[in-house]
file run-v7.tsv (TSV, C-alpha atoms)
chain	number	residue	atom	x	y	z
Y	1	MET	CA	-57.89	18.07	-48.59
Y	2	THR	CA	-56.98	15.04	-50.72
Y	3	ARG	CA	-56.62	17.32	-53.76
Y	4	ALA	CA	-54.06	19.37	-51.81
Y	5	ILE	CA	-52.11	16.22	-50.92
Y	6	GLU	CA	-52.16	15.07	-54.55
Y	7	PHE	CA	-50.84	18.48	-55.61
Y	8	LEU	CA	-48.07	18.35	-52.98
Y	9	VAL	CA	-47.09	14.81	-53.97
Y	10	GLY	CA	-46.81	15.96	-57.59
Y	11	LEU	CA	-44.68	18.90	-56.45
Y	12	LEU	CA	-42.44	16.64	-54.34
Y	13	PHE	CA	-42.06	14.20	-57.23
Y	14	GLY	CA	-41.11	17.05	-59.57
Y	15	TRP	CA	-38.53	18.30	-57.05
Y	16	GLY	CA	-37.11	14.79	-56.80
Y	17	LEU	CA	-36.68	14.61	-60.57
Y	18	LEU	CA	-34.98	18.04	-60.65
Y	19	LEU	CA	-32.70	17.35	-57.65
Y	20	SER	CA	-31.69	13.93	-58.97
Y	21	GLY	CA	-30.73	15.36	-62.37
Y	22	MET	CA	-33.20	13.16	-64.23
Y	23	THR	CA	-34.70	16.15	-66.06
Y	24	ASP	CA	-31.44	16.32	-68.04
Y	25	PRO	CA	-31.74	13.90	-71.01
Y	26	GLY	CA	-27.93	13.90	-71.28
Y	27	LYS	CA	-27.76	12.36	-67.82
Y	28	VAL	CA	-30.29	9.65	-68.71
Y	29	GLN	CA	-28.49	8.84	-71.96
Y	30	GLY	CA	-25.21	8.94	-70.02
Y	31	PHE	CA	-26.60	6.08	-67.91
Y	32	LEU	CA	-27.81	4.17	-70.97
Y	33	ASP	CA	-24.42	4.57	-72.65
Y	34	LEU	CA	-22.61	1.52	-71.30
Y	35	PHE	CA	-19.92	1.72	-73.96
Y	36	GLY	CA	-19.03	5.40	-73.53
Y	37	ALA	CA	-18.36	7.48	-70.42
Y	38	TRP	CA	-20.93	5.91	-68.08
Y	39	ASP	CA	-22.90	8.10	-65.64
Y	40	PRO	CA	-24.34	5.79	-62.93
Y	41	SER	CA	-26.59	8.53	-61.45
Y	42	LEU	CA	-29.85	6.95	-62.68
Y	43	ALA	CA	-29.05	3.72	-60.83
Y	44	VAL	CA	-28.50	5.72	-57.62
Y	45	VAL	CA	-31.85	7.49	-58.15
Y	46	MET	CA	-33.66	4.17	-58.57
Y	47	GLY	CA	-31.86	2.72	-55.56
Y	48	GLY	CA	-32.84	5.66	-53.33
Y	49	ALA	CA	-36.45	5.59	-54.51
Y	50	ILE	CA	-36.84	1.83	-54.13
Y	51	ALA	CA	-35.20	1.82	-50.67
Y	52	VAL	CA	-38.05	4.04	-49.46
Y	53	GLY	CA	-40.76	2.57	-51.70
Y	54	PHE	CA	-40.03	-0.99	-50.54
Y	55	PHE	CA	-41.13	-0.22	-46.97
Y	56	ALA	CA	-44.13	1.82	-48.13
Y	57	PHE	CA	-45.49	-1.06	-50.20
Y	58	LEU	CA	-44.68	-3.56	-47.45
Y	59	LEU	CA	-46.95	-1.47	-45.21
Y	60	ALA	CA	-49.56	-0.99	-47.95
Y	61	ARG	CA	-49.79	-4.74	-48.47
Y	62	LYS	CA	-50.66	-5.26	-44.80
Y	63	ARG	CA	-53.48	-2.72	-44.94
Y	64	SER	CA	-56.92	-2.94	-46.52
Y	65	THR	CA	-57.45	0.83	-46.74
Y	66	THR	CA	-55.36	4.01	-47.01
Y	67	PHE	CA	-54.50	6.13	-43.95
Y	68	MET	CA	-57.56	8.22	-44.89
Y	69	GLY	CA	-59.78	5.13	-44.97
Y	70	GLY	CA	-59.99	5.15	-48.78
Y	71	VAL	CA	-59.57	2.43	-51.39
Y	72	LEU	CA	-56.04	1.09	-52.00
Y	73	HIS	CA	-55.77	0.75	-55.78
Y	74	MET	CA	-53.10	-1.94	-55.96
Y	75	PRO	CA	-52.39	-3.47	-59.38
Y	76	ARG	CA	-54.00	-6.89	-59.66
Y	77	SER	CA	-52.59	-8.13	-62.92
Y	78	ARG	CA	-49.87	-10.76	-62.66
Y	79	ASP	CA	-49.66	-11.76	-66.34
Y	80	ILE	CA	-46.33	-11.45	-68.05
Y	81	ASP	CA	-47.79	-11.14	-71.52
Y	82	LYS	CA	-47.01	-9.78	-74.95
Y	83	PRO	CA	-48.40	-6.25	-74.38
Y	84	LEU	CA	-46.22	-5.84	-71.27
Y	85	VAL	CA	-43.03	-6.90	-73.04
Y	86	VAL	CA	-43.59	-5.37	-76.49
Y	87	GLY	CA	-44.90	-2.11	-75.02
Y	88	SER	CA	-41.91	-1.81	-72.71
Y	89	LEU	CA	-39.48	-2.57	-75.56
Y	90	ILE	CA	-41.03	0.24	-77.63
Y	91	PHE	CA	-40.97	2.60	-74.64
Y	92	GLY	CA	-37.26	1.88	-74.01
Y	93	ALA	CA	-36.32	2.65	-77.61
Y	94	GLY	CA	-38.05	6.04	-77.42
Y	95	TRP	CA	-36.51	6.67	-73.99
Y	96	GLY	CA	-33.00	6.06	-75.30
Y	97	LEU	CA	-33.59	8.07	-78.46
Y	98	ALA	CA	-34.35	11.38	-76.71
Y	99	GLY	CA	-33.43	10.69	-73.07
Y	100	PHE	CA	-36.93	11.62	-71.87
Y	101	CYS	CA	-39.46	9.47	-70.06
Y	102	PRO	CA	-42.92	10.82	-69.13
Y	103	GLY	CA	-42.18	12.43	-65.72
Y	104	PRO	CA	-38.98	14.32	-66.57
Y	105	ALA	CA	-40.46	15.43	-69.91
Y	106	ILE	CA	-43.44	17.04	-68.16
Y	107	VAL	CA	-41.22	18.80	-65.60
Y	108	SER	CA	-38.81	19.98	-68.33
Y	109	MET	CA	-41.77	21.29	-70.30
Y	110	ALA	CA	-42.75	23.34	-67.25
Y	111	SER	CA	-39.15	24.65	-67.10
Y	112	GLY	CA	-39.73	26.12	-70.55
Y	113	GLN	CA	-37.81	23.62	-72.69
Y	114	ALA	CA	-39.30	23.76	-76.22
Y	115	LYS	CA	-38.16	20.24	-77.12
Y	116	ALA	CA	-39.77	18.86	-73.97
Y	117	LEU	CA	-43.07	20.49	-74.98
Y	118	VAL	CA	-42.84	18.88	-78.43
Y	119	PHE	CA	-41.97	15.54	-76.79
Y	120	VAL	CA	-45.00	15.73	-74.46
Y	121	LEU	CA	-47.35	16.56	-77.36
Y	122	ALA	CA	-45.98	13.60	-79.35
Y	123	MET	CA	-46.29	11.41	-76.25
Y	124	LEU	CA	-49.97	12.36	-75.87
Y	125	ALA	CA	-50.48	11.54	-79.56
Y	126	GLY	CA	-48.84	8.14	-79.01
Y	127	MET	CA	-51.09	7.47	-76.01
Y	128	LEU	CA	-54.16	8.47	-78.01
Y	129	LEU	CA	-53.07	6.23	-80.90
Y	130	PHE	CA	-52.78	3.30	-78.49
Y	131	LYS	CA	-56.22	4.03	-77.08
Y	132	LEU	CA	-57.81	4.15	-80.54
Y	133	LEU	CA	-56.14	0.93	-81.70
Y	134	ASP	CA	-56.94	-0.79	-78.41
Y	135	GLU	CA	-60.60	0.10	-78.64
Y	136	ALA	CA	-60.82	-0.96	-82.29
Y	137	GLY	CA	-58.90	-4.20	-81.86
Y	138	PRO	CA	-59.98	-7.73	-80.97
Y	139	ARG	CA	-58.67	-7.36	-77.43
Y	140	ARG	CA	-61.54	-4.99	-76.71
Y	141	GLN	CA	-63.85	-7.67	-75.32
Y	142	ARG	CA	-61.21	-9.19	-73.09
Y	143	ARG	CA	-60.20	-5.78	-71.80
Y	144	LEU	CA	-63.76	-4.86	-70.96
Y	145	SER	CA	-64.27	-8.00	-68.96
Y	146	ARG	CA	-61.53	-7.25	-66.46
Y	147	PRO	CA	-60.07	-4.22	-64.72
Y	148	PRO	CA	-57.19	-2.32	-66.35
Y	149	ALA	CA	-53.86	-4.01	-65.74
Y	150	GLY	CA	-51.83	-1.24	-64.12
Y	151	PRO	CA	-48.10	-1.42	-63.61
V	1	MET	CA	-16.64	1.35	-70.10
V	2	SER	CA	-15.28	4.28	-68.10
V	3	LEU	CA	-17.05	6.24	-65.39
V	4	ASP	CA	-18.18	9.75	-66.27
V	5	TRP	CA	-17.00	11.48	-63.07
V	6	THR	CA	-17.75	14.93	-64.51
V	7	HIS	CA	-21.48	14.30	-64.64
V	8	PHE	CA	-21.96	11.65	-61.92
V	9	THR	CA	-23.85	13.24	-58.99
V	10	PRO	CA	-24.13	10.51	-56.33
V	11	TRP	CA	-25.46	12.60	-53.42
V	12	ALA	CA	-27.92	14.79	-55.31
V	13	SER	CA	-29.20	11.74	-57.20
V	14	LEU	CA	-29.56	9.72	-54.00
V	15	ALA	CA	-31.42	12.58	-52.29
V	16	GLY	CA	-33.62	13.10	-55.36
V	17	GLY	CA	-34.33	9.38	-55.51
V	18	VAL	CA	-35.35	9.36	-51.85
V	19	LEU	CA	-37.79	12.22	-52.62
V	20	LEU	CA	-39.27	10.14	-55.45
V	21	GLY	CA	-39.62	7.25	-52.99
V	22	ILE	CA	-41.31	9.45	-50.37
V	23	ALA	CA	-43.73	10.84	-53.00
V	24	SER	CA	-44.58	7.28	-54.12
V	25	ALA	CA	-45.02	6.22	-50.47
V	26	ILE	CA	-47.44	9.06	-49.68
V	27	PHE	CA	-49.36	8.42	-52.89
V	28	ILE	CA	-50.06	4.77	-52.15
V	29	LEU	CA	-50.53	5.07	-48.37
V	30	VAL	CA	-52.58	8.28	-48.28
V	31	ASN	CA	-54.18	8.55	-51.72
V	32	GLY	CA	-54.26	4.83	-52.48
V	33	ARG	CA	-52.74	5.23	-55.93
V	34	ILE	CA	-49.67	3.92	-57.73
V	35	LEU	CA	-47.48	6.88	-58.69
V	36	GLY	CA	-47.03	6.10	-62.37
V	37	ILE	CA	-46.81	9.10	-64.66
V	38	SER	CA	-47.84	7.38	-67.90
V	39	GLY	CA	-50.91	5.92	-66.19
V	40	ILE	CA	-51.84	9.22	-64.55
V	41	VAL	CA	-51.57	11.11	-67.87
V	42	GLY	CA	-53.06	8.33	-70.01
V	43	GLY	CA	-56.13	8.14	-67.78
V	44	LEU	CA	-56.98	11.71	-68.78
V	45	LEU	CA	-57.54	10.66	-72.40
V	46	GLY	CA	-61.16	9.57	-72.50
V	47	PRO	CA	-61.54	9.60	-68.72
V	48	LYS	CA	-64.14	7.88	-66.60
V	49	PRO	CA	-66.42	10.23	-64.63
V	50	GLY	CA	-64.98	11.18	-61.24
V	51	ASP	CA	-61.52	9.92	-62.16
V	52	THR	CA	-59.88	13.14	-63.35
V	53	GLY	CA	-59.55	15.44	-60.31
V	54	TRP	CA	-56.71	13.58	-58.59
V	55	ARG	CA	-54.81	13.26	-61.87
V	56	ILE	CA	-55.05	16.98	-62.59
V	57	ALA	CA	-54.12	17.96	-59.00
V	58	PHE	CA	-51.02	15.75	-59.18
V	59	LEU	CA	-49.96	17.06	-62.61
V	60	LEU	CA	-50.42	20.69	-61.53
V	61	GLY	CA	-48.03	19.94	-58.66
V	62	MET	CA	-45.49	18.58	-61.12
V	63	LEU	CA	-45.87	21.63	-63.34
V	64	ALA	CA	-45.27	23.90	-60.32
V	65	ALA	CA	-42.04	22.08	-59.48
V	66	PRO	CA	-39.45	23.95	-61.60
V	67	ALA	CA	-40.43	27.48	-60.46
V	68	THR	CA	-40.59	26.53	-56.77
V	69	PHE	CA	-37.42	24.43	-56.97
V	70	ALA	CA	-35.57	27.44	-58.40
V	71	LEU	CA	-36.54	29.43	-55.28
V	72	LEU	CA	-35.20	26.76	-52.92
V	73	ALA	CA	-32.10	25.47	-54.71
V	74	PRO	CA	-28.78	27.31	-54.63
V	75	ALA	CA	-28.20	29.54	-57.65
V	76	GLY	CA	-26.68	27.63	-60.54
V	77	PHE	CA	-27.60	24.20	-59.12
V	78	LEU	CA	-29.52	23.25	-62.25
V	79	SER	CA	-27.24	23.12	-65.26
V	80	ALA	CA	-28.78	23.54	-68.70
V	81	PRO	CA	-30.26	20.22	-69.88
V	82	ARG	CA	-28.32	18.46	-72.63
V	83	ILE	CA	-30.89	17.56	-75.29
V	84	GLY	CA	-28.90	15.96	-78.08
V	85	ALA	CA	-31.89	14.80	-80.16
V	86	GLY	CA	-33.21	17.00	-82.97
V	87	TYR	CA	-36.91	17.80	-83.35
V	88	GLY	CA	-37.56	14.83	-85.65
V	89	ALA	CA	-36.04	12.39	-83.15
V	90	VAL	CA	-37.89	14.09	-80.28
V	91	ILE	CA	-41.23	13.57	-82.05
V	92	ALA	CA	-40.45	9.94	-82.90
V	93	ALA	CA	-39.30	9.34	-79.31
V	94	GLY	CA	-42.44	10.95	-77.86
V	95	LEU	CA	-44.71	8.79	-80.03
V	96	MET	CA	-42.84	5.63	-78.99
V	97	VAL	CA	-42.84	6.55	-75.29
V	98	GLY	CA	-46.57	7.41	-75.35
V	99	PHE	CA	-47.61	4.30	-77.25
V	100	GLY	CA	-45.19	1.94	-75.51
V	101	THR	CA	-45.96	2.99	-71.95
V	102	ARG	CA	-49.71	2.57	-72.47
V	103	TYR	CA	-49.30	-0.78	-74.26
V	104	GLY	CA	-46.89	-1.95	-71.56
V	105	SER	CA	-49.01	-0.47	-68.71
V	106	GLY	CA	-46.27	1.68	-67.17
V	107	CYS	CA	-43.05	3.64	-67.37
V	108	THR	CA	-39.98	4.34	-65.25
V	109	SER	CA	-42.10	5.48	-62.29
V	110	GLY	CA	-44.93	2.93	-62.32
V	111	HIS	CA	-42.87	-0.13	-63.23
V	112	GLY	CA	-39.35	1.07	-62.40
V	113	VAL	CA	-39.93	2.65	-58.98
V	114	CYS	CA	-43.29	1.43	-57.64
V	115	GLY	CA	-43.27	-1.97	-59.34
V	116	LEU	CA	-39.76	-2.88	-58.24
V	117	SER	CA	-40.50	-1.51	-54.73
V	118	ARG	CA	-43.35	-3.99	-54.37
V	119	LEU	CA	-41.24	-6.77	-55.92
V	120	SER	CA	-43.65	-7.29	-58.83
V	121	PRO	CA	-42.29	-9.86	-61.31
V	122	ARG	CA	-44.37	-8.16	-64.01
V	123	SER	CA	-42.67	-4.82	-63.41
V	124	LEU	CA	-39.23	-6.45	-63.25
V	125	VAL	CA	-39.80	-7.90	-66.73
V	126	ALA	CA	-41.04	-4.50	-68.00
V	127	THR	CA	-38.05	-2.68	-66.48
V	128	LEU	CA	-35.55	-5.14	-67.96
V	129	ALA	CA	-37.28	-4.78	-71.34
V	130	PHE	CA	-37.23	-0.97	-71.46
V	131	MET	CA	-33.69	-0.84	-70.10
V	132	ALA	CA	-32.57	-3.30	-72.79
V	133	THR	CA	-33.90	-1.27	-75.71
V	134	GLY	CA	-32.74	1.93	-73.98
V	135	PHE	CA	-29.16	0.64	-73.83
V	136	LEU	CA	-29.39	-0.67	-77.39
V	137	THR	CA	-30.77	2.59	-78.81
V	138	VAL	CA	-28.07	4.74	-77.17
V	139	PHE	CA	-25.43	2.29	-78.41
V	140	LEU	CA	-26.80	2.62	-81.95
V	141	ILE	CA	-26.98	6.43	-81.94
V	142	ARG	CA	-23.64	7.02	-80.20
V	143	HIS	CA	-21.35	4.23	-81.35
V	144	LEU	CA	-22.40	3.25	-84.86
call {"tool": "encode", "arguments": {"input": "run-v7.tsv", "output": "structure tokens"}}
result
Amino acid sequence: MTRAIEFLVGLLFGWGLLLSGMTDPGKVQGFLDLFGAWDPSLAVVMGGAIAVGFFAFLLARKRSTTFMGGVLHMPRSRDIDKPLVVGSLIFGAGWGLAGFCPGPAIVSMASGQAKALVFVLAMLAGMLLFKLLDEAGPRRQRRLSRPPAGP
Amino acid sequence: MSLDWTHFTPWASLAGGVLLGIASAIFILVNGRILGISGIVGGLLGPKPGDTGWRIAFLLGMLAAPATFALLAPAGFLSAPRIGAGYGAVIAAGLMVGFGTRYGSGCTSGHGVCGLSRLSPRSLVATLAFMATGFLTVFLIRHL
């Protein structure tokens, strides 16, 4: 039952990305191009998503369990630290360079776009590289002693 | 700055955004998870036992989206994607997005949609940071 809901949520999310136009890197770069012909679509997408999400998280915060009685995995980290900022700066540079972020890249890959497939493979390599460096680095002990940060 | 009226799609983008919001709402309220793609994918690399099924179910749904969307949408709704980057840039971009989203604990969905929806200062900082380098990078590749 929950697996079916997770599948349907993934499907709905993919439809949202396709309908909103966010699977087109040209549209994303059109938003990021403040000094050219600016396409504000991405801001409208974020606005629509947050308008709904705001009330969902307001409700989630008042609850101790999900509607199914399960655990609510809310992010606990509140630190605004170097990994958050440096990681996001690196992500943004890659995002601007190709116009893909993780969700739209995965959906475009499923549409049969060869460049999206290459992007997703490189993205997995980047994630693996982070994991290897993270486990080898001095932050290992600190990381082990607390739950993963989350968004 | 001038507005690109040719490509601006206010209604489709608003409707698509609302779908993203509904998906995020169901995911937190029913499944108890933050809908963040980089976290969902990243958690599959060296996973903890019992923590993979929900990730795979969600990703299979995403992979099924284009074929099913094509059945529902009017013919010709989806225009061909404009991918300006060459293969070298696509690989470099993928590496940066993969590394950066894991280091920064989130991407456009986890920080940008869910984080801003729950008014997280942490996600606001992340979103401002990735937007800043996104704007800068496009400026560099298009205007210099």
call {"tool": "residues_around", "arguments": {"input": "run-v7.tsv", "residues": "Lys115 in chain Y", "least_positions_apart": "3", "cutoff": "9 Å", "atoms": "all atoms listed in the file", "output": "ChimeraX atom specification"}}
result
/Y:105,108-109,112,118-120 /V:83,85-87,90-91
call {"tool": "write_last_selection", "arguments": {"input": "run-v7.tsv", "atoms": "C-alpha atoms", "output": "CSV table (one decimal), keeping the file's coordinate frame"}}
result
chain,number,residue,atom,x,y,z
Y,105,ALA,CA,-40.5,15.4,-69.9
Y,108,SER,CA,-38.8,20.0,-68.3
Y,109,MET,CA,-41.8,21.3,-70.3
Y,112,GLY,CA,-39.7,26.1,-70.6
Y,118,VAL,CA,-42.8,18.9,-78.4
Y,119,PHE,CA,-42.0,15.5,-76.8
Y,120,VAL,CA,-45.0,15.7,-74.5
V,83,ILE,CA,-30.9,17.6,-75.3
V,85,ALA,CA,-31.9,14.8,-80.2
V,86,GLY,CA,-33.2,17.0,-83.0
V,87,TYR,CA,-36.9,17.8,-83.4
V,90,VAL,CA,-37.9,14.1,-80.3
V,91,ILE,CA,-41.2,13.6,-82.0
call {"tool": "atom_distance", "arguments": {"input": "run-v7.tsv", "atom1": "CA of Trp5 in chain V", "atom2": "CA of His143 in chain V"}}
result
20.1 Å
call {"tool": "closest_residue", "arguments": {"input": "run-v7.tsv", "among": "Y:Ala37, Y:Leu124, Y:Ala60, Y:Leu12", "to": "Val97 in chain V", "atoms": "all atoms listed in the file"}}
result
Y:Leu124
call {"tool": "residues_around", "arguments": {"input": "run-v7.tsv", "residues": "Thr9 in chain V", "least_positions_apart": "6", "cutoff": "8 Å", "atoms": "all atoms listed in the file", "output": "VMD selection string"}}
result
chain Y and resid 20 to 21 41
call {"tool": "closest_residue", "arguments": {"input": "run-v7.tsv", "among": "V:Leu35, V:Leu44, V:Met131, V:Leu71", "to": "chain Y", "atoms": "only C-alpha atoms"}}
result
V:Met131
call {"tool": "atom_distance", "arguments": {"input": "run-v7.tsv", "atom1": "CA of Leu133 in chain Y", "atom2": "CA of Gly98 in chain V"}}
result
13.2 Å
call {"tool": "axis_aligned_box", "arguments": {"input": "run-v7.tsv", "around": "range 57-64 of chain Y", "padding_each_side": "6 Å", "output": "JSON"}}
result
{"center_x": -50.8, "center_y": -3.1, "center_z": -47.5, "size_x": 24.2, "size_y": 16.3, "size_z": 17.4}
call {"tool": "residues_around", "arguments": {"input": "run-v7.tsv", "residues": "Ala129 in chain V", "least_positions_apart": "3", "cutoff": "12 Å", "atoms": "only C-alpha atoms", "output": "PyMOL selection string"}}
result
(chain Y and resi 80+82-93+95) or (chain V and resi 100-101+104+106-108+111-112+122-126+132-136)
call {"tool": "closest_residue", "arguments": {"input": "run-v7.tsv", "among": "V:Ala75, V:Ala25, V:Leu20, V:Met96", "to": "Arg118 in chain V", "atoms": "all atoms listed in the file"}}
result
V:Ala25
call {"tool": "residues_around", "arguments": {"input": "run-v7.tsv", "residues": "Ala89 in chain V", "least_positions_apart": "3", "cutoff": "9 Å", "atoms": "all atoms listed in the file", "output": "list of chain:residue names"}}
result
Y:Gly94, Y:Leu97, Y:Ala98, V:Ala85, V:Gly86, V:Ala92, V:Ala93, V:Gly94
call {"tool": "atom_distance", "arguments": {"input": "run-v7.tsv", "atom1": "CA of Phe35 in chain Y", "atom2": "CA of Met1 in chain V"}}
result
5.1 Å
call {"tool": "closest_residue", "arguments": {"input": "run-v7.tsv", "among": "Y:Ala110, Y:Met1, Y:Gly150, Y:Phe31", "to": "Arg76 in chain Y", "atoms": "only C-alpha atoms"}}
result
Y:Gly150
